[in-house]
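Below: protein-v3.cif (mmCIF, C-alpha atoms)
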```cif
data_data
loop_
_atom_site.label_atom_id
_atom_site.label_comp_id
_atom_site.auth_asym_id
_atom_site.auth_seq_id
_atom_site.Cartn_x
_atom_site.Cartn_y
_atom_site.Cartn_z
CA MET Q 19 89.12 -115.32 76.40
CA ILE Q 20 92.80 -115.15 77.17
CA GLY Q 21 94.69 -118.39 77.38
CA LYS Q 22 97.96 -120.11 76.65
CA GLU Q 23 97.02 -120.50 72.98
CA LEU Q 24 97.91 -116.81 72.55
CA ILE Q 25 101.59 -117.39 73.40
CA GLY Q 26 103.68 -116.57 70.36
CA LEU Q 27 101.05 -114.34 68.75
CA GLU Q 28 102.71 -111.42 66.99
CA SER Q 29 101.34 -108.01 66.16
CA GLU Q 30 101.67 -106.40 62.79
CA SER Q 31 104.64 -104.04 62.44
CA ILE Q 32 103.80 -100.40 62.82
CA GLN Q 33 105.93 -97.43 61.91
CA LEU Q 34 105.79 -94.49 64.23
CA GLN Q 35 107.55 -91.21 63.69
CA ILE Q 36 108.69 -89.67 66.96
CA GLU Q 37 107.67 -86.15 66.00
CA PRO Q 38 108.64 -83.29 68.32
CA GLU Q 39 104.93 -82.61 68.89
CA LEU Q 40 104.45 -86.17 70.18
CA GLY Q 41 107.30 -85.68 72.64
CA ARG Q 42 106.09 -82.25 73.68
CA ARG Q 43 102.54 -83.44 74.39
CA PHE Q 44 103.78 -86.48 76.25
CA ALA Q 45 106.11 -84.37 78.40
CA GLU Q 46 103.28 -81.94 79.13
CA ALA Q 47 100.97 -84.80 80.19
CA ILE Q 48 103.50 -86.27 82.60
CA GLY Q 49 104.30 -82.78 83.91
CA ILE Q 50 107.92 -82.29 82.93
CA PRO Q 51 109.58 -79.61 80.79
CA PHE Q 52 110.35 -80.70 77.24
CA GLY Q 53 113.87 -79.87 76.17
CA ASP Q 54 116.30 -81.61 73.89
CA GLN Q 55 115.59 -85.12 75.19
CA LEU Q 56 112.51 -87.28 74.75
CA PRO Q 57 110.90 -88.62 77.92
CA PRO Q 58 112.25 -92.19 78.25
CA THR Q 59 108.88 -93.88 78.76
CA LEU Q 60 107.50 -92.34 75.57
CA VAL Q 61 108.43 -95.61 73.82
CA CYS Q 62 105.69 -97.38 75.79
CA THR Q 63 102.64 -95.52 74.52
CA LEU Q 64 99.90 -97.69 73.09
CA LYS Q 65 99.71 -95.76 69.85
CA HIS Q 66 101.11 -98.67 67.93
CA ALA Q 67 101.07 -102.32 66.98
CA GLY Q 68 97.76 -103.94 67.86
CA PHE Q 69 97.29 -107.71 67.82
CA PRO Q 70 95.07 -109.36 65.22
CA GLY Q 71 91.73 -110.35 66.73
CA ILE Q 72 92.43 -109.25 70.28
CA GLN Q 73 92.60 -105.91 72.05
CA LEU Q 74 95.43 -105.68 74.59
CA PRO Q 75 95.19 -104.39 77.20
CA LEU Q 76 91.50 -105.20 77.51
CA PRO Q 77 89.43 -102.73 79.52
CA GLY Q 78 89.79 -103.62 83.22
CA MET Q 79 93.25 -105.11 82.94
CA ILE Q 80 95.84 -103.66 85.27
CA HIS Q 81 99.53 -103.13 84.68
CA GLY Q 82 101.70 -105.28 86.94
CA GLU Q 83 105.26 -104.82 85.79
CA GLN Q 84 107.21 -102.95 83.16
CA LYS Q 85 110.78 -103.20 82.02
CA ILE Q 86 112.38 -101.12 79.29
CA THR Q 87 115.86 -101.71 77.89
CA TYR Q 88 117.35 -98.87 75.85
CA HIS Q 89 120.02 -99.90 73.39
CA ARG Q 90 120.58 -96.29 72.49
CA GLN Q 91 118.88 -92.97 73.10
CA LEU Q 92 115.78 -92.16 71.14
CA ARG Q 93 116.19 -89.32 68.65
CA ILE Q 94 113.61 -86.66 68.03
CA GLY Q 95 112.13 -87.02 64.57
CA GLU Q 96 113.24 -90.58 63.87
CA THR Q 97 110.89 -93.31 62.72
CA LEU Q 98 110.71 -96.54 64.69
CA THR Q 99 109.25 -99.83 63.59
CA TYR Q 100 107.32 -101.35 66.48
CA LYS Q 101 106.41 -104.95 66.88
CA ARG Q 102 104.81 -106.77 69.79
CA CYS Q 103 104.66 -110.41 70.76
CA ILE Q 104 102.82 -112.33 73.47
CA LYS Q 105 105.59 -114.10 75.40
CA ASP Q 106 103.65 -115.78 78.17
CA VAL Q 107 100.19 -116.30 79.64
CA TYR Q 108 99.70 -117.86 83.07
CA ASP Q 109 97.23 -117.97 85.95
CA ARG Q 110 98.02 -117.18 89.53
CA VAL Q 111 96.11 -116.49 92.73
CA GLY Q 112 96.77 -112.95 93.92
CA LYS Q 113 95.28 -110.06 95.87
CA LEU Q 114 92.15 -109.92 93.73
CA GLY Q 115 91.61 -113.69 93.59
CA ASN Q 116 92.29 -115.73 90.47
CA MET Q 117 94.21 -113.65 87.97
CA THR Q 118 95.57 -114.17 84.48
CA PHE Q 119 98.99 -112.69 83.72
CA ILE Q 120 99.95 -111.76 80.17
CA VAL Q 121 103.54 -110.91 79.30
CA LEU Q 122 104.08 -108.83 76.15
CA GLU Q 123 107.34 -107.98 74.51
CA THR Q 124 107.65 -104.83 72.43
CA THR Q 125 110.62 -104.06 70.22
CA GLY Q 126 111.49 -100.87 68.36
CA TYR Q 127 113.90 -100.85 65.43
CA ASP Q 128 115.29 -97.87 63.58
CA LYS Q 129 115.52 -97.27 59.81
CA VAL Q 130 118.66 -99.35 59.40
CA GLY Q 131 117.19 -102.24 61.36
CA GLU Q 132 119.06 -101.69 64.62
CA LEU Q 133 117.26 -102.42 67.85
CA VAL Q 134 116.65 -99.14 69.71
CA PHE Q 135 114.66 -100.47 72.65
CA SER Q 136 112.89 -103.55 73.89
CA SER Q 137 110.34 -103.73 76.64
CA SER Q 138 108.44 -106.28 78.63
CA THR Q 139 104.95 -105.57 79.94
CA THR Q 140 103.07 -107.72 82.44
CA LEU Q 141 99.32 -107.19 82.34
CA ILE Q 142 96.95 -108.65 84.93
CA ALA Q 143 93.36 -109.57 84.20
CA PRO Q 144 91.36 -110.09 87.40
CA ALA Q 145 89.03 -113.06 86.79
CA LYS Q 146 86.07 -111.05 88.05
CA GLY Q 147 86.78 -107.70 86.49
CA GLU Q 148 87.33 -109.10 83.01
CA ALA Q 149 85.98 -107.08 80.13
CA GLU Q 150 82.31 -107.21 79.31
CA MET V 883 131.94 -80.88 88.25
CA ARG V 884 130.97 -84.02 90.07
CA SER V 885 130.76 -87.07 87.83
CA LEU V 886 128.03 -89.63 88.30
CA LEU V 887 130.73 -92.16 89.06
CA ASP V 888 131.75 -90.13 92.13
CA TYR V 889 128.54 -91.09 93.90
CA GLU V 890 129.17 -93.77 96.48
CA VAL V 891 127.09 -96.86 97.00
CA TYR V 892 124.17 -95.99 99.34
CA TYR V 893 124.08 -92.38 98.10
CA ARG V 894 120.44 -91.28 98.18
CA LEU V 895 118.99 -89.32 95.29
CA PRO V 896 116.92 -86.21 96.05
CA ILE V 897 113.39 -87.32 96.95
CA LYS V 898 110.74 -86.50 94.36
CA GLU V 899 107.18 -85.74 95.40
CA TRP V 900 104.24 -86.00 93.04
CA VAL V 901 100.49 -85.54 93.40
CA PRO V 902 98.61 -86.85 90.37
CA THR V 903 95.29 -85.22 89.49
CA GLN V 904 92.34 -86.57 87.53
CA LEU V 905 93.12 -83.95 84.87
CA GLN V 906 96.66 -85.27 84.54
CA VAL V 907 95.38 -88.85 84.25
CA ARG V 908 93.05 -87.73 81.43
CA GLN V 909 95.89 -85.88 79.71
CA TYR V 910 98.06 -88.97 80.01
CA ALA V 911 95.31 -91.13 78.48
CA GLU V 912 95.30 -88.83 75.47
CA ALA V 913 99.07 -88.53 75.17
CA SER V 914 99.62 -92.28 75.48
CA GLY V 915 96.52 -93.68 73.79
CA ASP V 916 95.64 -95.72 76.89
CA PHE V 917 91.92 -95.12 77.45
CA ASN V 918 91.35 -98.09 79.75
CA PRO V 919 88.19 -97.09 81.72
CA ILE V 920 89.79 -98.06 85.05
CA HIS V 921 91.64 -94.73 84.72
CA LEU V 922 88.76 -92.58 83.55
CA ASP V 923 85.39 -93.99 84.60
CA GLU V 924 84.66 -93.96 88.35
CA ASN V 925 81.74 -96.42 88.11
CA TYR V 926 83.68 -98.83 85.94
CA ALA V 927 86.66 -98.76 88.31
CA GLN V 928 84.38 -99.37 91.30
CA GLN V 929 82.77 -102.35 89.58
CA ALA V 930 86.17 -103.73 88.65
CA GLY V 931 86.94 -103.94 92.37
CA LEU V 932 89.52 -101.14 92.35
CA GLY V 933 87.62 -98.83 94.68
CA GLY V 934 87.68 -95.95 92.19
CA VAL V 935 89.81 -94.69 89.32
CA ILE V 936 93.54 -95.27 89.40
CA ALA V 937 96.41 -93.52 87.65
CA HIS V 938 98.16 -95.30 84.78
CA GLY V 939 101.12 -97.34 85.99
CA MET V 940 103.04 -95.83 83.07
CA LEU V 941 102.30 -92.34 84.38
CA THR V 942 103.92 -93.29 87.69
CA MET V 943 106.83 -94.89 85.83
CA ALA V 944 107.22 -91.68 83.82
CA GLN V 945 107.75 -89.82 87.13
CA VAL V 946 110.47 -92.30 88.09
CA ALA V 947 112.14 -91.79 84.72
CA ALA V 948 111.92 -87.99 85.15
CA MET V 949 113.50 -88.22 88.60
CA LEU V 950 116.36 -90.18 87.06
CA THR V 951 116.89 -87.95 84.03
CA ASP V 952 116.85 -84.85 86.27
CA TRP V 953 119.58 -86.38 88.37
CA ILE V 954 121.63 -87.72 85.46
CA GLY V 955 121.53 -84.54 83.39
CA HIS V 956 123.70 -84.96 80.32
CA GLU V 957 126.24 -87.15 82.04
CA GLY V 958 124.67 -90.46 81.15
CA THR V 959 121.58 -92.27 80.01
CA ILE V 960 119.16 -94.81 81.39
CA SER V 961 119.98 -98.13 79.79
CA GLU V 962 117.44 -100.17 81.69
CA LEU V 963 114.46 -99.37 83.87
CA ALA V 964 112.35 -102.11 85.45
CA VAL V 965 109.47 -101.47 87.84
CA ARG V 966 106.75 -103.38 89.59
CA PHE V 967 103.45 -101.64 90.36
CA GLU V 968 102.67 -102.90 93.86
CA ASN V 969 99.70 -100.80 94.92
CA VAL V 970 97.33 -98.52 93.07
CA VAL V 971 98.01 -94.78 92.75
CA ARG V 972 94.95 -92.53 92.82
CA PRO V 973 94.42 -88.91 91.84
CA GLY V 974 95.03 -86.83 94.97
CA ASP V 975 97.56 -89.23 96.53
CA THR V 976 100.91 -87.79 97.56
CA ILE V 977 103.57 -90.07 96.15
CA LYS V 978 107.20 -89.89 97.22
CA PHE V 979 109.94 -91.43 95.11
CA TYR V 980 113.19 -92.65 96.59
CA GLY V 981 116.32 -93.90 94.90
CA TYR V 982 119.74 -94.93 96.04
CA VAL V 983 122.92 -96.16 94.45
CA LYS V 984 123.00 -99.90 94.91
CA ALA V 985 126.13 -100.73 92.95
CA ARG V 986 128.81 -98.92 91.00
CA MET V 987 130.72 -100.41 88.11
CA GLU V 988 133.29 -99.19 85.64
CA ASN V 989 130.89 -97.12 83.59
CA CYS V 990 127.48 -97.74 85.04
CA LEU V 991 125.44 -97.35 88.20
CA ILE V 992 122.67 -99.57 89.48
CA LEU V 993 119.95 -97.72 91.38
CA ASP V 994 117.32 -99.13 93.67
CA LEU V 995 113.96 -97.36 93.39
CA GLU V 996 110.85 -97.20 95.54
CA ALA V 997 107.73 -95.08 95.80
CA PHE V 998 105.30 -94.77 98.70
CA ASN V 999 101.91 -93.13 99.08
CA ASP V 1000 100.83 -91.01 102.05
CA LYS V 1001 99.59 -94.13 103.86
CA MET V 1002 103.13 -95.48 103.59
CA ALA V 1003 102.06 -98.28 101.27
CA ARG V 1004 104.70 -99.05 98.68
CA VAL V 1005 103.23 -98.36 95.26
CA LEU V 1006 106.30 -99.12 93.16
CA SER V 1007 109.65 -100.84 93.42
CA GLY V 1008 112.26 -100.99 90.73
CA LEU V 1009 115.79 -101.05 89.48
CA ALA V 1010 117.58 -98.79 87.01
CA THR V 1011 120.85 -99.17 85.18
CA ILE V 1012 122.50 -95.88 84.27
CA SER V 1013 125.25 -95.82 81.67
CA VAL V 1014 127.71 -93.06 82.42
CA ASN V 1015 129.02 -91.16 79.40
CA PRO V 1016 132.75 -91.65 78.87
#
```
Rewrite the structure of this file - the entire thing - as structure tokens.
Amino acid sequence: MIGKELIGLESESIQLQIEPELGRRFAEAIGIPFGDQLPPTLVCTLKHAGFPGIQLPLPGMIHGEQKITYHRQLRIGETLTYKRCIKDVYDRVGKLGNMTFIVLETTGYDKVGELVFSSSTTLIAPAKGEAE
Amino acid sequence: MRSLLDYEVYYRLPIKEWVPTQLQVRQYAEASGDFNPIHLDENYAQQAGLGGVIAHGMLTMAQVAAMLTDWIGHEGTISELAVRFENVVRPGDTIKFYGYVKARMENCLILDLEAFNDKMARVLSGLATISVNP
């Protein structure tokens, strides 16, 4: 069950090396040529930082909004430390009936502890379509 | 060469067209680690009330980002990109992306972004801040 008690929950920190191969495969999947720059939305893959005791997004959840703030450009080969936090949980009536909104914040820091990017993700769990 | 800061407010970016396929959605699931069955399992997506599988919102956002980086070239970088996914995108849809310069400041541009499907339903709206290299 997803409720307000999850607000403030933090993920473990995960280190992810942005290997060229990761960038190349991501670029290929989204259908763009891979040159000397990493695709900007690569920072938002889910290959990092799970929450203890809860899988997010749960199967069936849909993605409502996404914001990414880049404090500097991502460099090929660098290692980022990812951390996620649940910032808000609220209910609202929408197109699919009663829905629960979950707002996650993800931050990525470089080796010297400088913030490289931060992002905010709004996930929507339709009351009916919630995971088995 | 024309600098990004020469573009006037209301300048429209070249329109980008994109037709996602089920294969691309599967490739994106693997590249991103997002295996949510609403993107991959037709029966599951039907039961979830979505009327069939839908593309990842992040795959659509990646197209927006690509449209921007194509336009920017090496003259600047995206410093912020915010989007709202307003309607589902399905494999086989023809999606058109539009952007225009909403505001121009000393060393940055604010762009307004939208995407529509072939039924003219808006699937995405958003805002980007582009920092122009000095």
Checklist entry - Exactly which residues make up the result of the PyMOL selection byres ((chain V) within 9 of (chain Q)) on this file, given as an MDAnalysis selection string? => result chainID V and resid 906:920 926:927 929:931 938:945 947:948 951 959:968
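Note that the spacing between atom CA of Q:Gln35 and atom CA of Q:Gly95 amounts to 6.3 Å.
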Checklist entry - Q:Glu28: which residues within 8 Å, counting only C-alpha atoms, same-chain residues fewer than 6 positions away excluded, as an MDAnalysis selection string? => result chainID Q and resid 69 101:104
Next on the checklist: At a cut-off of 12 Å, using all atoms listed in the file, what residues contact V:Asp888? Leave out same-chain residues fewer than 6 positions from it and give the result as a list in words.
Outcome noted: Glu957, Val983, Arg986, Met987, Glu988, Asn989, Cys990, Leu991 and Val1014 of chain V
Next on the checklist: Suppose a student applies the PyMOL selection byres ((chain V and resi 898) around 6) to this structure; what residues should they get, written as a list in words?
Outcome noted: Ile897, Glu899, Lys978 and Phe979 of chain V
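Once the PyMOL selection byres ((chain Q and resi 128) around 8) is applied to this file, the selection holds Glu96, Thr97, Leu98, Thr99, Gly126, Tyr127, Lys129, Val130, Gly131, Glu132, Leu133 and Val134 of chain Q.
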Checklist entry - Taking (105.4, -113.4, 66.3) in the file's coordinates, which residues come within 12 Å, counting all atoms listed in the file, written as a list in words? => result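 Neighbouring residues, ordered by chain and number, come to Leu24, Ile25, Gly26, Leu27, Glu28, Ser29, Glu30, Ser31, Ala67, Phe69, Pro70, Lys101, Arg102, Cys103, Ile104, Lys105, Leu122, Glu123, Thr124 and Thr125 of chain Q.
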Next on the checklist: Between atom CA of V:His921 and atom CA of V:Pro902, what is the distance in Å, rounded to a tenth?
Outcome noted: 11.9 Å
Checklist entry - Between Q:Arg93, Q:Lys22, Q:Ile36, Q:Val121, which has the minimum distance to Q:Leu74 (counting all atoms listed in the file)? => result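 Going through Q:Arg93, Q:Lys22, Q:Ile36, Q:Val121 one by one, the smallest distance to Q:Leu74 is for Q:Val121.
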Next on the checklist: What does the structure give for the distance between atom CA of V:Leu932 and atom CA of Q:Glu23, in Å to one decimal?
Outcome noted: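 Distance reported for this atom pair: 28.4 Å.
Nearest residue to V:Val935, choosing from V:Lys984, V:Arg972, V:Arg1004, V:His956 and counting all atoms listed in the file: V:Arg972.
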Checklist entry - Out of Q:Ile72, Q:Leu92, Q:Leu56, Q:Leu141, which residue has the shortest atom-to-atom distance to Q:Pro38 when counting only C-alpha atoms? => result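 Residue with the minimum atom-to-atom distance to Q:Pro38: Q:Leu56.
Using all atoms listed in the file, the shortest contact distance between V:Asn1015 and any of V:Gln904, V:Tyr889, V:Ile936, V:Ile954 is found at V:Ile954.
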Checklist entry - If we count only C-alpha atoms, what is near V:Gly981 at a cut-off of 8 Å, once residues fewer than 3 positions away on the same chain are taken out, given as JSON, numbers by chain? => result {"V": [894, 895, 896, 897, 993, 994, 995, 996]}
Return as lines of an AutoDock Vina configuration file the box centre and box size in Å, one decimal, for an axis-aligned box around all listed atoms of stretch 935-945 of chain V padded by 8 Å per side.
```
center_x = 98.8
center_y = -93.6
center_z = 86.2
size_x = 33.9
size_y = 23.5
size_z = 22.3
```
Next on the checklist: Env of V:Asp1000: 12 Å cut, atoms = only C-alpha atoms, seq-sep filter 2 positions within chain, self excluded. Answer as JSON, numbers by chain.
Outcome noted: {"V": [899, 900, 901, 971, 972, 974, 975, 976, 977, 978, 979, 997, 998, 1002, 1003, 1004, 1005]}
Restore N, CA and C atoms in stretch 943-957 of chain V and list the result as a PDB file, in the frame of the given file.
```pdb
ATOM      1  N   MET V 943     105.482 -94.545  86.312  1.00  0.00           N
ATOM      2  CA  MET V 943     106.830 -94.890  85.830  1.00  0.00           C
ATOM      3  C   MET V 943     107.485 -93.694  85.152  1.00  0.00           C
ATOM      4  N   ALA V 944     106.677 -92.876  84.477  1.00  0.00           N
ATOM      5  CA  ALA V 944     107.220 -91.680  83.820  1.00  0.00           C
ATOM      6  C   ALA V 944     107.809 -90.717  84.859  1.00  0.00           C
ATOM      7  N   GLN V 945     107.208 -90.681  86.063  1.00  0.00           N
ATOM      8  CA  GLN V 945     107.750 -89.820  87.130  1.00  0.00           C
ATOM      9  C   GLN V 945     109.097 -90.345  87.614  1.00  0.00           C
ATOM     10  N   VAL V 946     109.196 -91.680  87.702  1.00  0.00           N
ATOM     11  CA  VAL V 946     110.470 -92.300  88.090  1.00  0.00           C
ATOM     12  C   VAL V 946     111.546 -91.931  87.067  1.00  0.00           C
ATOM     13  N   ALA V 947     111.187 -92.079  85.796  1.00  0.00           N
ATOM     14  CA  ALA V 947     112.140 -91.790  84.720  1.00  0.00           C
ATOM     15  C   ALA V 947     112.567 -90.323  84.778  1.00  0.00           C
ATOM     16  N   ALA V 948     111.602 -89.427  85.083  1.00  0.00           N
ATOM     17  CA  ALA V 948     111.920 -87.990  85.150  1.00  0.00           C
ATOM     18  C   ALA V 948     112.847 -87.706  86.330  1.00  0.00           C
ATOM     19  N   MET V 949     112.605 -88.392  87.446  1.00  0.00           N
ATOM     20  CA  MET V 949     113.500 -88.220  88.600  1.00  0.00           C
ATOM     21  C   MET V 949     114.920 -88.614  88.206  1.00  0.00           C
ATOM     22  N   LEU V 950     115.033 -89.703  87.473  1.00  0.00           N
ATOM     23  CA  LEU V 950     116.360 -90.180  87.060  1.00  0.00           C
ATOM     24  C   LEU V 950     117.019 -89.235  86.060  1.00  0.00           C
ATOM     25  N   THR V 951     116.273 -88.812  85.046  1.00  0.00           N
ATOM     26  CA  THR V 951     116.890 -87.950  84.030  1.00  0.00           C
ATOM     27  C   THR V 951     117.277 -86.589  84.609  1.00  0.00           C
ATOM     28  N   ASP V 952     116.484 -86.099  85.577  1.00  0.00           N
ATOM     29  CA  ASP V 952     116.850 -84.850  86.270  1.00  0.00           C
ATOM     30  C   ASP V 952     118.198 -85.008  86.962  1.00  0.00           C
ATOM     31  N   TRP V 953     118.362 -86.135  87.592  1.00  0.00           N
ATOM     32  CA  TRP V 953     119.580 -86.380  88.370  1.00  0.00           C
ATOM     33  C   TRP V 953     120.785 -86.619  87.445  1.00  0.00           C
ATOM     34  N   ILE V 954     120.543 -87.356  86.374  1.00  0.00           N
ATOM     35  CA  ILE V 954     121.630 -87.720  85.460  1.00  0.00           C
ATOM     36  C   ILE V 954     122.126 -86.530  84.643  1.00  0.00           C
ATOM     37  N   GLY V 955     121.184 -85.655  84.274  1.00  0.00           N
ATOM     38  CA  GLY V 955     121.530 -84.540  83.390  1.00  0.00           C
ATOM     39  C   GLY V 955     122.043 -85.078  82.062  1.00  0.00           C
ATOM     40  N   HIS V 956     123.148 -84.498  81.592  1.00  0.00           N
ATOM     41  CA  HIS V 956     123.700 -84.960  80.320  1.00  0.00           C
ATOM     42  C   HIS V 956     124.920 -85.851  80.519  1.00  0.00           C
ATOM     43  N   GLU V 957     125.052 -86.365  81.734  1.00  0.00           N
ATOM     44  CA  GLU V 957     126.240 -87.150  82.040  1.00  0.00           C
ATOM     45  C   GLU V 957     126.088 -88.638  81.771  1.00  0.00           C
TER      46      GLU V 957
END
```
